[in-house]
Amino acid sequence: MITHSLFQPFSYKSLQLKNRIVMAPMTRTFSPQGIPTDEVAAYYEKRAQGEVGLIISEGTVVNRPSSSNDPNIPHFYGEKSLAGWKTVVDCVHSSGAKMAPQLWHVGIVSRRNSDWRPETPFEGPSGLVNLDTKDGSEMTISDIEQTIQAFAQSARDAQKLGFDCLEIHGAHGYLIDQFFWEVLNKRTDKYGGKTIKERSQFAVEIIKAIRNSVGNEFPIILRLSQWKQQDYGARLAQTPKEMEEWLIPLAEAGVDIFHCSQRRFWEKEFAGSDLNFAGWAKKITGKPTITVGSVGLKGDFIAAFKGEGSEVDSLDEVTRRLERGDFDLVAVGRPLISDSDWAKKIRLGNSTELKGFNKDDLKVLT
Ligand code: FNR
């Protein structure tokens with residue numbers, strides 16, 4: 001297996017990483033009342049000890065009444081939650097990794113397994129949970145402005161707590177992605193419109209507000225996906241030109257690194273080239289990109305939600321593309337749930353010891 005390229009250092013603005021391996025953000029719902037516990041800190045610290053370069057936290061919600069859809073999802077606001085995150089980031093640093101919180105607002109989504117709901121209705125661009133059903137409120141201009149400020153405040157706090165960069169969750173059909181997607185965004189004001197460029201205005205304003213809060217040197221990562229949890233086949237950009245209209249304004253607003261979420265990283269984005277989403281995002285914007293999606297595993301992560309595990313797969317293809325310069329960083333999700341030493345095993349060439357992904361590992365935080 002060719003793996004050395006995964007262990008080249010990476011540097012961008014104030015961020016210096018010892019290798020190219022990123023822990024993908026993964027919701028674990030082990031933070032009662034939104035407060036990350038010492039067990040949460042120990043969980044991330046173990047991945048740092050296992051030699052991950054950059055850890056992106058599970059989605060952690062900004063300060064809006066209905067930004068979360070589960071009481072055990074961590075908050076990124078409030079004294080106790082921020083104190084919990086301070087412990088997490090200190091533990092991660094003491095074990096040699098860098099860390100970003102993933103700042104999140106769920107928008108309007110179908111309920112999770114429990115019947116828990118926030119006290120106020122879910123909020124989204126047009127109140128829609130799918131093409132023809134309302135299940136929340138249409139955000140007013142004041143709601144939008146307060147949400148932008150909530151992201152900016154969490155960004156300021158991330159920097160103050162000592163995080164090395166931050167990630168905005170703009171993917172997978174959650175709030176920011178609901179604004180991008182014409183199916184859920186029917187607005188007729190400046191936050192809606194026929195083109196992806198017009199529907200990106202909400203994201204652009206969040207990025208600009210965050211940039212104002214954290215200064216120029218603190219890297220802002222933006223996670224995006226074509227697919228939605230509401231429709232795996234959805235596409236925001238059908239052509240490279242549409243992708244330019246989507247990504248260039250986001251880059252100009254202040255994104256440093258694009259985190260391009262695919263279910264399978266090897267799938268090409270457009271006909272006529274084998275470049276994947278991260279490859280196109282880098283080609284279009286000139287910015288560093290992160291690829292993700294079934295790296296080192298045979299099955300994709302939607303199967304995990306249906307209760308399936310996954311077997312180990314070779315890293316040859318991802319390293320080939322990394323060495324070709326398609327993208328700069330490689331995010332790994334499920335393998336790091338089942339095996340905190342995944343990165344270390346790769347570095348040492350112990351690939352026969354890799355564990356794959358065991359679905360039962362989702363039930364515990366170890
Ligand atoms: C996820 N994923 C995810 N993505 C995200 O942006 N924020 C999140 O909070 C979560 N939560 C989450 C929980 C669990 C249990 C899984 C398995 C996945 C998606 C994740 O970051 C990643 O994109 C996918 O898992 C694909 O990567 P792997 O698992 O194929 O390496």
# chains A, B, ... in the order shown; residues from 1 in each chain; ligands from 1
call {"tool": "residues_near_ligand", "arguments": {"ligand": "ligand 1", "cutoff": "6 Å", "atoms": "only C-alpha atoms and all ligand atoms", "output": "list in words"}}
result
Ala24, Pro25, Met26, Thr27, Glu58, Gly59, His169, Ser261, Arg263, Val292, Gly293, Ser294, Val295, Asp300, Phe301, Val332, Gly333 and Arg334 of chain A
call {"tool": "select_by_dssp", "arguments": {"residues": "segment 176-248 of chain A", "states": "helix (DSSP H, G or I)", "output": "count of residues only"}}
result
32
call {"tool": "residues_around", "arguments": {"residues": "Asp360 of chain A", "least_positions_apart": "5", "cutoff": "9 Å", "atoms": "only C-alpha atoms", "output": "PDB file with N, CA, C and O atoms, in the first residue's frame"}}
result
ATOM      1  N   GLY A 307     -27.904   0.093  10.219  1.00  0.00           N
ATOM      2  CA  GLY A 307     -27.432  -0.947  11.131  1.00  0.00           C
ATOM      3  C   GLY A 307     -26.395  -1.883  10.531  1.00  0.00           C
ATOM      4  O   GLY A 307     -26.227  -2.999  10.990  1.00  0.00           O
ATOM      5  N   GLY A 309     -22.361  -2.831   9.393  1.00  0.00           N
ATOM      6  CA  GLY A 309     -20.944  -2.544   9.567  1.00  0.00           C
ATOM      7  C   GLY A 309     -20.285  -2.447   8.201  1.00  0.00           C
ATOM      8  O   GLY A 309     -20.963  -2.400   7.174  1.00  0.00           O
ATOM      9  N   SER A 338     -14.598   2.947  15.260  1.00  0.00           N
ATOM     10  CA  SER A 338     -14.275   1.582  15.701  1.00  0.00           C
ATOM     11  C   SER A 338     -12.824   1.405  16.111  1.00  0.00           C
ATOM     12  O   SER A 338     -12.491   0.436  16.787  1.00  0.00           O
TER      13      SER A 338
END
call {"tool": "closest_residue", "arguments": {"among": "A:Glu217, A:Glu123, A:Glu39, A:Asp70", "to": "Tyr12 of chain A", "atoms": "only C-alpha atoms"}}
result
A:Glu217
call {"tool": "residues_around", "arguments": {"residues": "Asn69 of chain A", "least_positions_apart": "2", "cutoff": "8 Å", "atoms": "only C-alpha atoms", "output": "PyMOL selection string"}}
result
chain A and resi 66-67+71+73+106+111-112+116-118
call {"tool": "write_last_selection", "arguments": {"atoms": "N, CA and C atoms", "output": "tab-separated table (two decimals), in the first residue's frame"}}
result
chain	number	residue	atom	x	y	z
A	66	SER	N	-34.15	26.55	18.26
A	66	SER	CA	-34.43	25.23	17.67
A	66	SER	C	-33.28	24.78	16.77
A	67	SER	N	-32.05	25.08	17.18
A	67	SER	CA	-30.93	24.68	16.32
A	67	SER	C	-30.61	23.19	16.42
A	71	PRO	N	-31.62	16.27	22.54
A	71	PRO	CA	-31.11	16.92	23.76
A	71	PRO	C	-29.67	16.54	24.11
A	73	ILE	N	-27.17	16.33	21.86
A	73	ILE	CA	-26.22	16.94	20.93
A	73	ILE	C	-25.56	18.12	21.64
A	106	VAL	N	-29.67	22.66	12.66
A	106	VAL	CA	-30.29	21.58	11.87
A	106	VAL	C	-31.35	22.08	10.89
A	111	ARG	N	-38.02	14.13	12.41
A	111	ARG	CA	-37.57	13.85	13.77
A	111	ARG	C	-36.60	12.67	13.81
A	112	ARG	N	-35.71	12.73	14.80
A	112	ARG	CA	-34.79	11.60	15.01
A	112	ARG	C	-35.57	10.48	15.69
A	116	TRP	N	-38.39	13.69	21.03
A	116	TRP	CA	-37.97	14.99	21.58
A	116	TRP	C	-38.03	16.06	20.48
A	117	ARG	N	-38.52	17.23	20.90
A	117	ARG	CA	-38.55	18.37	19.98
A	117	ARG	C	-38.14	19.60	20.77
A	118	PRO	N	-37.52	20.59	20.11
A	118	PRO	CA	-37.20	21.82	20.83
A	118	PRO	C	-38.49	22.54	21.24
